[in-house]
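As C-alpha cells, the structure follows; a few thoughts come after it.
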Amino acid sequence: MSIAVITGSSGLIGSESASFFNHQGFEIVGIDNDMRRLFFGDDASNGRNHERLSKTLKSYTHYPVDIRDEQSIFRIFAKHGSNISAVIHTAAQPSHDWAMKEPFTDFSINALGTLILLEATRKYCQDATFIFTSSNKVYGDFPNHLKFVERETRWELDPENRWAKWGFDEQVPIDQSKHTLFGASKVSADVLVQEYGHTFGMKTVVFRGGCLTGPAHSGALQHGFLSYLIKCALNEVPYQILGYKGKQVRDNVHSYDLANAFWQFHLNPKCGEVYNIGGSRAINCSILEAITMIQNILRRSMIYSLSEDHRSGDHIWWVTDVSKFQRDYPKWKYRYGLSEIIQEMIDHP
Ligand SMILES: NC(=O)c1ccc[n+]([C@@H]2O[C@H](COP(=O)([O-])OP(=O)(O)OC[C@H]3O[C@@H](n4cnc5c(N)ncnc54)[C@H](O)[C@@H]3O)[C@@H](O)[C@H]2O)c1
C-alpha cells in the first residue's frame with residue numbers, strides 16, 4: 001500500500017488530506033504535535049481532528065513529533081522509505097501576530113521545518129510528490145497599494161486593473177513589500193520547495209492559499225476568520241472587525257476542494273511548480289457580507305464592532321485567479337460554494 005506522510009495531520013488541511021488520500025487507498029502517516037494549542041490556546045487545539053482520524057481512518061499511524069526534530073523526522077521517513085509516494089506538508093505557525101511574538105519559533109517551524117522535510121524526502125523517498133501549503137502572504141502587502149473602489153458592502157479592485165476581473169495570478173511580485181515575519185518565513189519555505197524541484201528534479205509543488213476553510217477549522221482570534229466568526233455567532237460572543245470598515249474581501253476555498261487539488265497534482269505531477277489557490281471570483285465575501293449571510297441563516301443578529309486599526313499584513317482585497325491550476329488540471333472542480341461552506345460550519349461547529 002502506498003503511504004502518504006502528512007505533516008500538520010490534525011489541522012484543517014492536514015486532516016482533510018488524510019481522509020481524502022486514505023479514501024484513495026493510501027496508508028496515512030500523520031505528524032502533528034498539537035502546537036496549535038500552544039499558539040492559540042485550548043479552544044484552538046486540533047485534538048478533536050486527531051481523535052476523529054484515529055477512529056475513522058482505515059490505516060492511520062500518528063507521530064506527535066515536532067517537524068523541527070530532524071532525527072525523529074528522519075527516523076519516520078527511514079522506516080517507511082520508498083513506500084512513501086506522497087508528502088503533504090501542512091504543519092506551520094500560521095499567524096502574523098504570533099510570529100512577531102516569537103520570530104525564531106516562527107522561522108524555525110515554517111522555514112527550517114520545511115527544509116528538514118524536503119531533505120528527508122530527498123534521502124528516503126525521492127520519487128514521492130512533495131505538496132506544500134504556502135500562502136498568498138508571500139506577495140506581502142503589494143495588493144494593498146493598488147487602487148480600490150468602495151462599494152456598499154465591499155472594496156473592489158479598480159475595474160481598470162489587470163487583476164480586477166479574475167483576481168491575482170502568480171505574476172504578482174513578491175519583492176519590495178511588507179510581508180510580516182510570518183510572510184517572510186513562508187517565502188523562505190516556498191522558494192526552498194520550488195528549488196528542490198529545480199535542483200533535484202523532485203516532484204514538488206507550492207500551493208499559495210488565500211483563506212482555507214471548512215468544518216475541521218479550529219478558528220481562533222488570530223487565525224481562521226470564517227470559522228472564528230461563526231464560532232462567535234453561535235456562542236453569542238462579540239466579534240471585533242479590525243479595519244477597512246469590514247469591507248475587506250477574501251476568497252474562501254473548502255478544505256475538501258484543496259485536498260482534491262493535491263490529489264490532481266499527485267496523479268500528474270510536475271517539478272518545482274507554483275499555483276495560487278483559493279475560492280476565486282466564484283467564492284468570496286467581505287466580512288460584512290459574511291456576517292449578513294450568517295445572520296440570515298441563524299435568524300438573529302450578531303454582536304460585532306468595528307475598529308479603525310487593521311491587522312498588520314491584512315489584505316484589503318484578495319481574490320485568487322486559479323486559472324493556471326485549472327488549465328493544468330482541468331478535472332479539478334469546486335464542490336463547495338460559499339453558502340454550503342457557511343452552512344456546513346454552522347451545522348458542524
Ligand atoms: N487556514 C488558512 O486560511 C490558510 C491560508 C493560507 C495558507 N495556509 C497554510 O496552510 C497550511 C495548513 O493550514 P491549516 O489552516 O490547516 O492550519 P492548522 O493550524 O489547522 O494546522 C496546522 C497543524 O500543524 C501543527 N503544527 C504546527 N507546528 C508544528 C510543528 N512544529 N510540528 C508538528 N506539527 C506542527 C499544528 O498543531 C496544527 O495541527 C499552513 O501551512 C498554513 O500556513 C492556511
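For the C-alpha cells, the naming scheme is as follows: chains receive sequential letters (A, B, ...) according to their order of presentation, residues are indexed from 1 within each chain, and ligands are indexed from 1 in presentation order.
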
_alpha helix (DSSP H) positions in stretch 177-343 of chain A, given as an MDAnalysis selection string_ = chainID A and resid 180:200 225:235 255:267 287:298 323:328 338:343

Find the residues around A:Ile88 up to 10 Å (only C-alpha atoms counted), leave out those fewer than 3 positions away in its own chain, and share them as a JSON list (two decimals) with N, CA, C and O atoms, in the first residue's frame.
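As written to disk, part28.json reads:
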```json
[["chain", "number", "residue", "atom", "x", "y", "z"],
["A", 4, "ALA", "N", 1.04, 8.02, 2.39],
["A", 4, "ALA", "CA", 1.10, 9.49, 2.33],
["A", 4, "ALA", "C", 1.52, 9.97, 3.71],
["A", 4, "ALA", "O", 0.85, 9.68, 4.70],
["A", 5, "VAL", "N", 2.66, 10.67, 3.78],
["A", 5, "VAL", "CA", 3.07, 11.30, 5.03],
["A", 5, "VAL", "C", 2.45, 12.69, 5.05],
["A", 5, "VAL", "O", 2.60, 13.45, 4.09],
["A", 6, "ILE", "N", 1.72, 12.99, 6.12],
["A", 6, "ILE", "CA", 1.04, 14.29, 6.20],
["A", 6, "ILE", "C", 1.48, 15.00, 7.47],
["A", 6, "ILE", "O", 1.23, 14.52, 8.58],
["A", 7, "THR", "N", 2.15, 16.14, 7.30],
["A", 7, "THR", "CA", 2.51, 16.93, 8.48],
["A", 7, "THR", "C", 1.36, 17.88, 8.79],
["A", 7, "THR", "O", 0.65, 18.30, 7.88],
["A", 8, "GLY", "N", 1.19, 18.19, 10.08],
["A", 8, "GLY", "CA", 0.03, 19.01, 10.46],
["A", 8, "GLY", "C", -1.25, 18.21, 10.24],
["A", 8, "GLY", "O", -2.30, 18.77, 9.92],
["A", 9, "SER", "N", -1.16, 16.89, 10.45],
["A", 9, "SER", "CA", -2.26, 15.99, 10.10],
["A", 9, "SER", "C", -3.51, 16.21, 10.94],
["A", 9, "SER", "O", -4.60, 15.78, 10.57],
["A", 13, "ILE", "N", -6.26, 21.47, 7.01],
["A", 13, "ILE", "CA", -5.91, 20.92, 5.70],
["A", 13, "ILE", "C", -5.29, 19.53, 5.84],
["A", 13, "ILE", "O", -5.58, 18.63, 5.04],
["A", 14, "GLY", "N", -4.48, 19.36, 6.87],
["A", 14, "GLY", "CA", -3.86, 18.04, 7.07],
["A", 14, "GLY", "C", -4.89, 16.95, 7.31],
["A", 14, "GLY", "O", -4.82, 15.87, 6.72],
["A", 17, "SER", "N", -6.80, 16.21, 4.13],
["A", 17, "SER", "CA", -5.94, 15.48, 3.19],
["A", 17, "SER", "C", -5.80, 14.03, 3.63],
["A", 17, "SER", "O", -5.76, 13.11, 2.79],
["A", 18, "ALA", "N", -5.71, 13.82, 4.95],
["A", 18, "ALA", "CA", -5.59, 12.44, 5.47],
["A", 18, "ALA", "C", -6.83, 11.64, 5.07],
["A", 18, "ALA", "O", -6.72, 10.52, 4.56],
["A", 30, "GLY", "N", 0.64, 10.31, 9.94],
["A", 30, "GLY", "CA", 0.40, 11.70, 10.33],
["A", 30, "GLY", "C", 1.45, 12.18, 11.33],
["A", 30, "GLY", "O", 1.86, 11.43, 12.22],
["A", 91, "ALA", "N", 2.02, 21.42, 8.16],
["A", 91, "ALA", "CA", 2.30, 21.92, 9.52],
["A", 91, "ALA", "C", 2.92, 23.31, 9.43],
["A", 91, "ALA", "O", 3.80, 23.55, 8.61],
["A", 117, "LEU", "N", 11.98, 18.47, 6.07],
["A", 117, "LEU", "CA", 11.07, 17.54, 5.37],
["A", 117, "LEU", "C", 11.51, 17.33, 3.92],
["A", 117, "LEU", "O", 11.42, 16.21, 3.39],
["A", 128, "ALA", "N", 8.64, 10.56, -4.37],
["A", 128, "ALA", "CA", 7.33, 10.98, -3.84],
["A", 128, "ALA", "C", 6.99, 12.39, -4.33],
["A", 128, "ALA", "O", 7.87, 13.21, -4.58],
["A", 129, "THR", "N", 5.69, 12.66, -4.48],
["A", 129, "THR", "CA", 5.28, 14.06, -4.71],
["A", 129, "THR", "C", 5.41, 14.79, -3.38],
["A", 129, "THR", "O", 5.11, 14.24, -2.31],
["A", 130, "PHE", "N", 5.86, 16.03, -3.43],
["A", 130, "PHE", "CA", 6.00, 16.85, -2.22],
["A", 130, "PHE", "C", 5.10, 18.07, -2.39],
["A", 130, "PHE", "O", 5.35, 18.94, -3.23],
["A", 131, "ILE", "N", 4.03, 18.09, -1.61],
["A", 131, "ILE", "CA", 2.98, 19.11, -1.77],
["A", 131, "ILE", "C", 3.03, 20.06, -0.57],
["A", 131, "ILE", "O", 2.91, 19.62, 0.58],
["A", 132, "PHE", "N", 3.25, 21.32, -0.84],
["A", 132, "PHE", "CA", 3.45, 22.29, 0.24],
["A", 132, "PHE", "C", 2.37, 23.37, 0.23],
["A", 132, "PHE", "O", 2.07, 23.95, -0.82],
["A", 133, "THR", "N", 1.80, 23.63, 1.42],
["A", 133, "THR", "CA", 0.83, 24.71, 1.54],
["A", 133, "THR", "C", 1.55, 26.00, 1.90],
["A", 133, "THR", "O", 1.90, 26.22, 3.06],
["A", 205, "VAL", "N", 5.60, 20.89, -5.35],
["A", 205, "VAL", "CA", 4.62, 21.92, -5.73],
["A", 205, "VAL", "C", 4.29, 22.81, -4.54],
["A", 205, "VAL", "O", 4.25, 22.36, -3.40],
["A", 259, "ALA", "N", -7.81, 19.58, -0.90],
["A", 259, "ALA", "CA", -7.26, 18.20, -0.86],
["A", 259, "ALA", "C", -7.42, 17.56, -2.25],
["A", 259, "ALA", "O", -6.53, 16.84, -2.71],
["A", 262, "PHE", "N", -4.65, 18.76, -4.39],
["A", 262, "PHE", "CA", -3.42, 18.00, -4.08],
["A", 262, "PHE", "C", -3.45, 16.66, -4.84],
["A", 262, "PHE", "O", -2.45, 16.22, -5.40]]
```

_Using only C-alpha atoms, which protein or nucleic acid residues come within 9 Å of A:Ser312? Drop anything in the same chain fewer than 2 positions from it, and give the result as a ChimeraX atom specification._
/A:96-97,180,310,314-315

*Test item: residues no farther than 8 Å from ligand 1, counting only C-alpha atoms and all ligand atoms, as a PyMOL selection string*: chain A and resi 7-15+31-37+45-47+64-68+89-95+109-110+113+132-137+186+208-213+216-218+223-225

*List every residue of stretch 214-248 of chain A that DSSP, applied to the backbone of this structure, places in strand (DSSP E or B), and write the result as a list in words.*
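Taking stretch 214-248 of chain A and keeping strand (DSSP E or B) gives Ala220, His223, Tyr239, Gln240, Ile241 and Leu242 of chain A.
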
*Selected residue, from A:Ser59, A:Ser185, A:Asn49, A:Ser177, that lies nearest to A:Pro103 when counting only C-alpha atoms*: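 Closest to A:Pro103 of all the choices is A:Ser185.
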
*asked:* Residues near A:Pro269, anyone? I mean within 12 Å using only C-alpha atoms, not counting same-chain ones fewer than 6 positions away, as a PyMOL selection string.
replied: chain A and resi 85-86+127-131+197+201-206+261-263+325+328-329

*Excluding stretch 334-342 of chain A and any residue of its chain fewer than 2 positions from it, enumerate the residues within 9 Å of it, using only C-alpha atoms, and give them as a list of chain:residue names.*
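Returned residues: A:Thr213, A:Gly214, A:Pro215, A:Leu226, A:Ser227, A:Ile230, A:Asn252, A:Val253, A:His254, A:Tyr256, A:Asp257, A:Leu258, A:Gly279, A:Ala282, A:Ile283, A:Asn284, A:Cys285, A:Ala290, A:Met293, A:Ile294, A:Ile297, A:Trp332, A:Glu344, A:Met345, A:Ile346, A:Asp347.
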
If you keep C-alpha atoms, can you produce a file of those selected residues as a PDB file, in the first residue's frame?
```pdb
ATOM      1  CA  THR A 213     -11.696  26.836   5.464  1.00  0.00           C
ATOM      2  CA  GLY A 214     -14.004  24.000   6.417  1.00  0.00           C
ATOM      3  CA  PRO A 215     -15.647  22.325   9.399  1.00  0.00           C
ATOM      4  CA  LEU A 226     -14.740  32.464   8.839  1.00  0.00           C
ATOM      5  CA  SER A 227     -14.506  29.681  11.409  1.00  0.00           C
ATOM      6  CA  ILE A 230     -19.161  31.544  13.045  1.00  0.00           C
ATOM      7  CA  ASN A 252     -12.546  31.058   0.507  1.00  0.00           C
ATOM      8  CA  VAL A 253     -11.809  27.535  -0.572  1.00  0.00           C
ATOM      9  CA  HIS A 254     -13.139  24.472   1.231  1.00  0.00           C
ATOM     10  CA  TYR A 256     -12.060  19.235   0.541  1.00  0.00           C
ATOM     11  CA  ASP A 257     -11.527  21.170  -2.691  1.00  0.00           C
ATOM     12  CA  LEU A 258      -7.929  21.871  -1.727  1.00  0.00           C
ATOM     13  CA  GLY A 279     -12.140  30.424  -3.898  1.00  0.00           C
ATOM     14  CA  ALA A 282     -16.780  32.188  -7.617  1.00  0.00           C
ATOM     15  CA  ILE A 283     -16.478  32.058  -3.803  1.00  0.00           C
ATOM     16  CA  ASN A 284     -15.611  35.258  -1.966  1.00  0.00           C
ATOM     17  CA  CYS A 285     -17.102  37.710   0.503  1.00  0.00           C
ATOM     18  CA  ALA A 290     -20.230  37.041   5.679  1.00  0.00           C
ATOM     19  CA  MET A 293     -25.118  35.537   5.463  1.00  0.00           C
ATOM     20  CA  ILE A 294     -24.581  34.081   8.939  1.00  0.00           C
ATOM     21  CA  ILE A 297     -29.077  31.528   8.405  1.00  0.00           C
ATOM     22  CA  TRP A 332     -10.394  19.869 -10.746  1.00  0.00           C
ATOM     23  CA  GLU A 344     -21.721  23.216   6.991  1.00  0.00           C
ATOM     24  CA  MET A 345     -19.652  25.106   9.565  1.00  0.00           C
ATOM     25  CA  ILE A 346     -22.825  26.165  11.370  1.00  0.00           C
ATOM     26  CA  ASP A 347     -24.153  22.581  11.316  1.00  0.00           C
TER      27      ASP A 347
END
```

*Counting only C-alpha atoms, the residue of A:Lys178, A:His23, A:Arg281, A:His266 that sits nearest A:Ala164*: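 That would be A:Arg281, the residue with the smallest distance to A:Ala164.
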
*Please provide as a PyMOL selection string all residues within 10 Å of A:Trp163, with the sequence filter that same-chain residues fewer than 6 positions apart are discarded (counting only C-alpha atoms).*
chain A and resi 143+157+169+171-172+319-321

*Within 10 Å of A:Ile303, counting only C-alpha atoms, which residues show up once you throw out same-chain ones fewer than 4 positions away? Write them as a PyMOL selection string, please.*
chain A and resi 232-233+236-240+291

*Determine the nearest neighbour of A:Phe182 from the options A:Leu115, A:Phe104, A:Glu160, A:Gln248, counting only C-alpha atoms.*
A:Phe104

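Our summary of the geometry notes that atom CA of A:Arg151 is positioned 10.7 Å from atom CA of A:Ser286.
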
*Tell me, in Å to one decimal, how far atom CA of A:Cys271 is from atom CA of A:Gln126.*
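Interatomic distance here is 12.0 Å.
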
*Give me, please, the distance in Å between atom CA of A:Phe20 and atom CA of A:Phe168, quoted to one decimal.*
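Separation between atom CA of A:Phe20 and atom CA of A:Phe168: 27.7 Å.
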
*Hey, which of A:Ala99, A:Val249, A:Leu221, A:Leu57 ends up closest to A:Gly25? Count only C-alpha atoms.*
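So, comparing all the options, the nearest one is A:Leu57.
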